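The file coords-v5.csv contains CSV, C-alpha atoms:
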```csv
chain,number,residue,atom,x,y,z
A,1,MET,CA,-37.7,81.3,12.9
A,2,LEU,CA,-39.4,79.1,15.6
A,3,ALA,CA,-39.2,76.1,13.2
A,4,GLY,CA,-35.4,76.7,12.8
A,5,VAL,CA,-34.9,76.6,16.6
A,6,VAL,CA,-36.9,73.4,16.9
A,7,ALA,CA,-34.8,71.7,14.1
A,8,VAL,CA,-31.5,72.7,15.9
A,9,LEU,CA,-32.8,71.2,19.2
A,10,VAL,CA,-33.8,67.9,17.5
A,11,ILE,CA,-30.4,67.6,15.8
A,12,GLY,CA,-28.6,68.2,19.1
A,13,ALA,CA,-30.6,65.6,20.9
A,14,ILE,CA,-29.7,63.0,18.2
A,15,ILE,CA,-26.0,63.8,18.5
A,16,ASP,CA,-26.0,63.6,22.3
A,17,GLU,CA,-28.0,60.3,22.5
A,18,PRO,CA,-25.7,57.5,23.5
A,19,SER,CA,-25.2,54.8,20.9
A,20,SER,CA,-27.1,51.5,21.7
A,21,PRO,CA,-26.2,48.0,20.5
A,22,ARG,CA,-27.8,46.9,17.2
A,23,ARG,CA,-30.8,44.7,17.7
A,24,GLU,CA,-31.3,41.7,15.4
A,25,PRO,CA,-34.8,41.1,14.0
A,26,ALA,CA,-36.9,38.8,16.2
A,27,GLY,CA,-36.4,35.1,15.4
A,28,HIS,CA,-32.8,35.6,14.1
A,29,ALA,CA,-29.7,34.5,16.0
A,30,PRO,CA,-26.7,36.8,16.0
A,31,ALA,CA,-24.3,36.3,13.2
A,32,PRO,CA,-21.0,34.5,14.2
A,33,PRO,CA,-17.9,36.6,14.0
A,34,ALA,CA,-16.3,36.6,10.6
A,35,THR,CA,-13.0,34.8,10.1
A,36,PRO,CA,-10.4,35.9,7.5
A,37,TRP,CA,-10.4,32.4,5.8
A,38,PRO,CA,-12.0,29.0,6.4
A,39,LEU,CA,-10.0,26.7,8.6
A,40,ALA,CA,-8.4,23.8,6.7
A,41,GLU,CA,-9.3,20.3,7.8
A,42,VAL,CA,-6.4,18.4,9.3
A,43,PRO,CA,-6.2,14.8,8.2
A,44,LEU,CA,-5.8,12.0,10.8
A,45,LEU,CA,-2.4,10.4,10.4
A,46,ALA,CA,-1.5,6.8,11.2
A,47,PRO,CA,1.0,6.2,14.0
A,48,PRO,CA,4.6,6.8,12.7
A,49,ASP,CA,5.6,3.2,13.4
A,50,THR,CA,2.9,1.9,11.0
A,51,ILE,CA,4.0,4.0,8.0
A,52,PRO,CA,6.7,2.2,5.9
A,53,ASP,CA,9.8,4.3,5.2
A,54,GLN,CA,9.8,4.1,1.4
A,55,GLN,CA,13.0,6.1,1.0
A,56,ALA,CA,14.8,3.6,3.2
A,57,GLU,CA,13.4,0.7,1.2
A,58,HIS,CA,14.5,2.3,-2.0
A,59,ARG,CA,18.0,2.9,-0.7
A,60,LYS,CA,18.2,-0.7,0.4
A,61,LEU,CA,17.1,-1.9,-3.1
A,62,GLU,CA,19.5,0.4,-4.8
A,63,SER,CA,22.4,-1.0,-2.7
A,64,MET,CA,21.4,-4.6,-3.6
A,65,ILE,CA,21.4,-3.7,-7.3
A,66,GLU,CA,24.7,-1.9,-7.2
A,67,GLN,CA,26.4,-5.0,-5.7
A,68,LEU,CA,25.1,-7.1,-8.6
A,69,LEU,CA,26.1,-4.7,-11.5
A,70,GLY,CA,29.6,-5.1,-12.9
A,71,PRO,CA,31.6,-4.7,-16.1
A,72,GLU,CA,30.3,-8.1,-17.3
A,73,THR,CA,26.6,-7.1,-16.8
A,74,GLU,CA,24.6,-7.3,-20.0
A,75,PRO,CA,23.3,-3.9,-21.3
A,76,ALA,CA,19.7,-5.2,-21.2
A,77,THR,CA,20.1,-6.3,-17.5
A,78,ARG,CA,21.6,-2.9,-16.7
A,79,ALA,CA,18.7,-1.1,-18.4
A,80,TRP,CA,16.1,-3.2,-16.4
A,81,ALA,CA,17.9,-2.5,-13.2
A,82,LYS,CA,17.8,1.3,-13.9
A,83,ASP,CA,14.0,1.0,-14.8
A,84,LEU,CA,13.4,-0.8,-11.5
A,85,LEU,CA,14.9,2.0,-9.6
A,86,ASP,CA,13.8,5.1,-11.6
A,87,GLY,CA,11.0,4.0,-13.9
A,88,ASP,CA,7.3,4.6,-13.7
A,89,GLU,CA,4.9,1.9,-12.5
A,90,GLU,CA,4.7,0.1,-15.8
A,91,GLN,CA,8.5,0.1,-16.3
A,92,ARG,CA,9.2,-1.2,-12.8
A,93,ALA,CA,6.7,-4.0,-13.3
A,94,GLU,CA,8.3,-5.0,-16.6
A,95,ALA,CA,11.8,-4.7,-15.1
A,96,VAL,CA,11.2,-6.9,-12.1
A,97,ARG,CA,9.5,-9.5,-14.3
A,98,GLU,CA,12.6,-9.6,-16.6
A,99,LEU,CA,15.1,-9.7,-13.8
A,100,GLY,CA,13.2,-12.5,-12.1
A,101,PHE,CA,13.4,-14.7,-15.2
A,102,LEU,CA,17.2,-14.2,-15.7
A,103,ASP,CA,19.3,-17.3,-15.5
A,104,ASP,CA,21.4,-15.4,-12.9
A,105,ARG,CA,19.7,-16.4,-9.7
A,106,ARG,CA,21.5,-13.7,-7.8
A,107,TRP,CA,18.7,-11.4,-8.7
A,108,VAL,CA,16.1,-13.4,-6.8
A,109,PRO,CA,16.7,-11.4,-3.5
A,110,VAL,CA,16.0,-8.2,-5.5
A,111,VAL,CA,12.7,-9.6,-6.7
A,112,ILE,CA,11.8,-10.7,-3.2
A,113,ALA,CA,12.6,-7.3,-1.8
A,114,VAL,CA,10.3,-5.7,-4.4
A,115,LEU,CA,7.5,-8.1,-3.5
A,116,SER,CA,7.8,-7.2,0.2
A,117,SER,CA,8.3,-3.5,0.0
A,118,GLU,CA,7.1,-2.0,-3.3
A,119,PRO,CA,4.2,0.5,-2.8
A,120,GLN,CA,2.5,-0.2,-6.2
A,121,ALA,CA,0.4,-3.3,-6.4
A,122,ALA,CA,1.1,-3.9,-10.1
A,123,VAL,CA,4.8,-4.1,-9.4
A,124,ARG,CA,4.4,-6.4,-6.4
A,125,ALA,CA,2.2,-8.7,-8.6
A,126,ALA,CA,4.9,-8.8,-11.3
A,127,ALA,CA,7.5,-9.7,-8.7
A,128,ALA,CA,5.2,-12.5,-7.4
A,129,ALA,CA,4.8,-13.9,-10.9
A,130,ALA,CA,8.6,-13.8,-11.5
A,131,LEU,CA,9.3,-15.9,-8.5
A,132,ALA,CA,7.7,-18.9,-10.2
A,133,ASN,CA,11.0,-19.3,-12.0
A,134,ASP,CA,12.8,-20.1,-8.7
A,135,PRO,CA,11.4,-23.5,-7.5
A,136,ALA,CA,14.5,-24.4,-5.5
A,137,SER,CA,14.6,-21.4,-3.2
A,138,PRO,CA,12.9,-21.8,0.2
A,139,THR,CA,13.3,-18.0,0.6
A,140,ALA,CA,11.2,-17.4,-2.5
A,141,ALA,CA,8.5,-19.8,-1.2
A,142,HIS,CA,8.4,-18.0,2.1
A,143,ALA,CA,8.0,-14.7,0.4
A,144,LEU,CA,5.2,-15.9,-1.8
A,145,THR,CA,3.4,-17.4,1.1
A,146,THR,CA,3.6,-14.1,2.9
A,147,ALA,CA,2.3,-12.4,-0.2
A,148,LEU,CA,-1.0,-14.4,0.1
A,149,THR,CA,-1.9,-11.9,2.9
A,150,ASP,CA,-1.3,-8.9,0.6
A,151,ARG,CA,-4.0,-6.3,0.6
A,152,ASP,CA,-4.3,-6.5,-3.2
A,153,SER,CA,-6.1,-9.4,-4.8
A,154,ASP,CA,-3.9,-9.5,-7.9
A,155,VAL,CA,-0.8,-9.9,-5.8
A,156,ARG,CA,-2.4,-12.7,-3.9
A,157,GLU,CA,-3.5,-14.4,-7.1
A,158,ASP,CA,-0.1,-14.2,-8.7
A,159,ALA,CA,1.6,-15.4,-5.5
A,160,LEU,CA,-0.6,-18.5,-5.4
A,161,LEU,CA,0.0,-19.3,-9.1
A,162,SER,CA,3.7,-19.1,-8.4
A,163,LEU,CA,3.4,-21.4,-5.4
A,164,LYS,CA,1.5,-23.9,-7.6
A,165,ALA,CA,4.3,-23.8,-10.1
A,166,ILE,CA,7.0,-24.3,-7.4
A,167,ARG,CA,5.2,-27.1,-5.4
A,168,ASN,CA,8.1,-28.1,-3.1
A,169,GLN,CA,8.0,-29.2,0.5
A,170,THR,CA,8.5,-25.7,1.8
A,171,VAL,CA,5.4,-24.6,0.0
A,172,GLU,CA,3.3,-27.3,1.7
A,173,THR,CA,4.7,-26.5,5.2
A,174,ASP,CA,4.2,-22.8,4.8
A,175,LEU,CA,0.7,-23.0,3.5
A,176,ARG,CA,-0.4,-25.4,6.3
A,177,GLN,CA,1.0,-23.1,8.9
A,178,LEU,CA,-0.7,-20.1,7.3
A,179,LEU,CA,-4.0,-21.9,7.3
A,180,THR,CA,-3.6,-22.8,10.9
A,181,ALA,CA,-2.9,-19.1,11.7
A,182,GLU,CA,-6.2,-18.1,9.9
A,183,GLN,CA,-4.7,-15.1,8.2
A,184,LEU,CA,-6.2,-15.6,4.8
A,185,ASP,CA,-9.3,-14.0,3.3
A,186,ALA,CA,-12.1,-16.4,2.5
A,187,ASP,CA,-11.4,-16.8,-1.3
A,188,THR,CA,-7.6,-17.3,-0.8
A,189,ASP,CA,-8.3,-19.8,2.0
A,190,ARG,CA,-10.5,-21.8,-0.2
A,191,GLU,CA,-8.0,-21.8,-3.1
A,192,VAL,CA,-5.2,-22.8,-0.8
A,193,ARG,CA,-7.1,-25.8,0.6
A,194,LEU,CA,-8.1,-27.0,-2.9
A,195,PHE,CA,-4.4,-26.7,-4.0
A,196,LEU,CA,-3.2,-28.7,-1.0
A,197,ASP,CA,-5.9,-31.3,-1.5
A,198,ARG,CA,-4.9,-31.8,-5.1
A,199,TYR,CA,-1.1,-31.9,-4.8
A,200,TYR,CA,-0.6,-33.1,-1.2
A,201,PRO,CA,-3.5,-35.5,-0.7
A,202,HIS,CA,-1.6,-37.9,1.7
A,203,LEU,CA,-3.0,-36.4,4.9
A,204,ASP,CA,-5.7,-38.3,6.8
A,205,PRO,CA,-8.8,-36.0,7.4
A,206,LEU,CA,-9.5,-37.9,10.6
A,207,VAL,CA,-6.1,-36.8,12.0
A,208,ASP,CA,-5.3,-33.5,10.3
A,209,PRO,CA,-8.2,-30.9,10.6
A,210,LEU,CA,-6.8,-29.0,7.5
A,211,ALA,CA,-7.2,-32.0,5.2
A,212,LYS,CA,-10.8,-31.4,4.1
```

Here is a file; write its structure as structure tokens.
Amino acid sequence: MLAGVVAVLVIGAIIDEPSSPRREPAGHAPAPPATPWPLAEVPLLAPPDTIPDQQAEHRKLESMIEQLLGPETEPATRAWAKDLLDGDEEQRAEAVRELGFLDDRRWVPVVIAVLSSEPQAAVRAAAAAALANDPASPTAAHALTTALTDRDSDVREDALLSLKAIRNQTVETDLRQLLTAEQLDADTDREVRLFLDRYYPHLDPLVDPLAK
């Protein structure tokens, strides 16, 4: 009976003892509070004014094409125009190439628009190659010269090849101004200088610092 009384007293003492905070084993830091799910990493975004509005560029291109299409438009030309607007990367590249080599030079501004605003490098390169068929247009020469600063090496290469095919006075003037501005990468700069030396060798190196 005495043992039973002692057991009752021990149990009562345990129940009445105030709860104490849990102690972590020595050498272990307390665990961080749990979160219901890991936090997603938020990507850094470029300033809004540096992000091109591709939808606006597409609408502009669509408007240009609509003005050129008419009842007399050949079915093949109409199909290429549709592919340029709605096709995949390969279809758009083929379409801008075909439109650029049409005898109807009204399509040249469309090709230039693609070269300056198309997000896919392969399509821009196709546009640059197609402009080789327009040697009389200063606008085409200006666009190709600007494309020599494109971030894609294929676009820069095709643009320079087209400029070599055009070889008019606008090309020389634009290239020399671009060299003076020092906006070209090392490889393109070297190729441009070689091109100028070969086709425009009349400058005196003692007078013109670009005639090396």

Can you work out the spacing between atom CA of Phe101 of chain A and atom CA of Ala130 of chain A in Å, to one decimal? 6.1 Å

Residues within 8 Å of Arg167 of chain A, only C-alpha atoms, excluding chain neighbours under 3 positions, as a PyMOL selection string: chain A and resi 135+163-164+171-172+199

Atomic distance atom CA of Ala93 of chain A - atom CA of Asp187 of chain A, expressed in Å with one decimal: 25.2 Å

With only C-alpha atoms as the atoms that count, which of A:Ser162, A:Thr149, A:Leu102, A:Asp154 lies nearest to Ala129 of chain A? A:Ser162

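Closest approach to Arg124 of chain A among A:Asp158, A:Arg193, A:Ser137, A:Leu99 is made by A:Asp158 (distances from all atoms listed in the file).
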
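In this model, the gap between atom CA of Ile112 of chain A and atom CA of Arg190 of chain A comes to 25.1 Å.
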
Counting only C-alpha atoms, which residues come within 12 Å of (-5.1, -19.0, 4.8), with the point read in the file's coordinates, and could you list them as an mmCIF file with C-alpha atoms, in the coordinates of the input?
```cif
data_model
loop_
_atom_site.group_PDB
_atom_site.id
_atom_site.type_symbol
_atom_site.label_atom_id
_atom_site.label_comp_id
_atom_site.auth_asym_id
_atom_site.auth_seq_id
_atom_site.Cartn_x
_atom_site.Cartn_y
_atom_site.Cartn_z
ATOM 1 C CA THR A 145 3.400 -17.400 1.100
ATOM 2 C CA THR A 146 3.600 -14.100 2.900
ATOM 3 C CA ALA A 147 2.300 -12.400 -0.200
ATOM 4 C CA LEU A 148 -1.000 -14.400 0.100
ATOM 5 C CA THR A 149 -1.900 -11.900 2.900
ATOM 6 C CA ASP A 150 -1.300 -8.900 0.600
ATOM 7 C CA ARG A 156 -2.400 -12.700 -3.900
ATOM 8 C CA LEU A 160 -0.600 -18.500 -5.400
ATOM 9 C CA ASP A 174 4.200 -22.800 4.800
ATOM 10 C CA LEU A 175 0.700 -23.000 3.500
ATOM 11 C CA ARG A 176 -0.400 -25.400 6.300
ATOM 12 C CA GLN A 177 1.000 -23.100 8.900
ATOM 13 C CA LEU A 178 -0.700 -20.100 7.300
ATOM 14 C CA LEU A 179 -4.000 -21.900 7.300
ATOM 15 C CA THR A 180 -3.600 -22.800 10.900
ATOM 16 C CA ALA A 181 -2.900 -19.100 11.700
ATOM 17 C CA GLU A 182 -6.200 -18.100 9.900
ATOM 18 C CA GLN A 183 -4.700 -15.100 8.200
ATOM 19 C CA LEU A 184 -6.200 -15.600 4.800
ATOM 20 C CA ASP A 185 -9.300 -14.000 3.300
ATOM 21 C CA ALA A 186 -12.100 -16.400 2.500
ATOM 22 C CA ASP A 187 -11.400 -16.800 -1.300
ATOM 23 C CA THR A 188 -7.600 -17.300 -0.800
ATOM 24 C CA ASP A 189 -8.300 -19.800 2.000
ATOM 25 C CA ARG A 190 -10.500 -21.800 -0.200
ATOM 26 C CA GLU A 191 -8.000 -21.800 -3.100
ATOM 27 C CA VAL A 192 -5.200 -22.800 -0.800
ATOM 28 C CA ARG A 193 -7.100 -25.800 0.600
ATOM 29 C CA LEU A 194 -8.100 -27.000 -2.900
ATOM 30 C CA PHE A 195 -4.400 -26.700 -4.000
ATOM 31 C CA LEU A 196 -3.200 -28.700 -1.000
ATOM 32 C CA LEU A 210 -6.800 -29.000 7.500
#
```
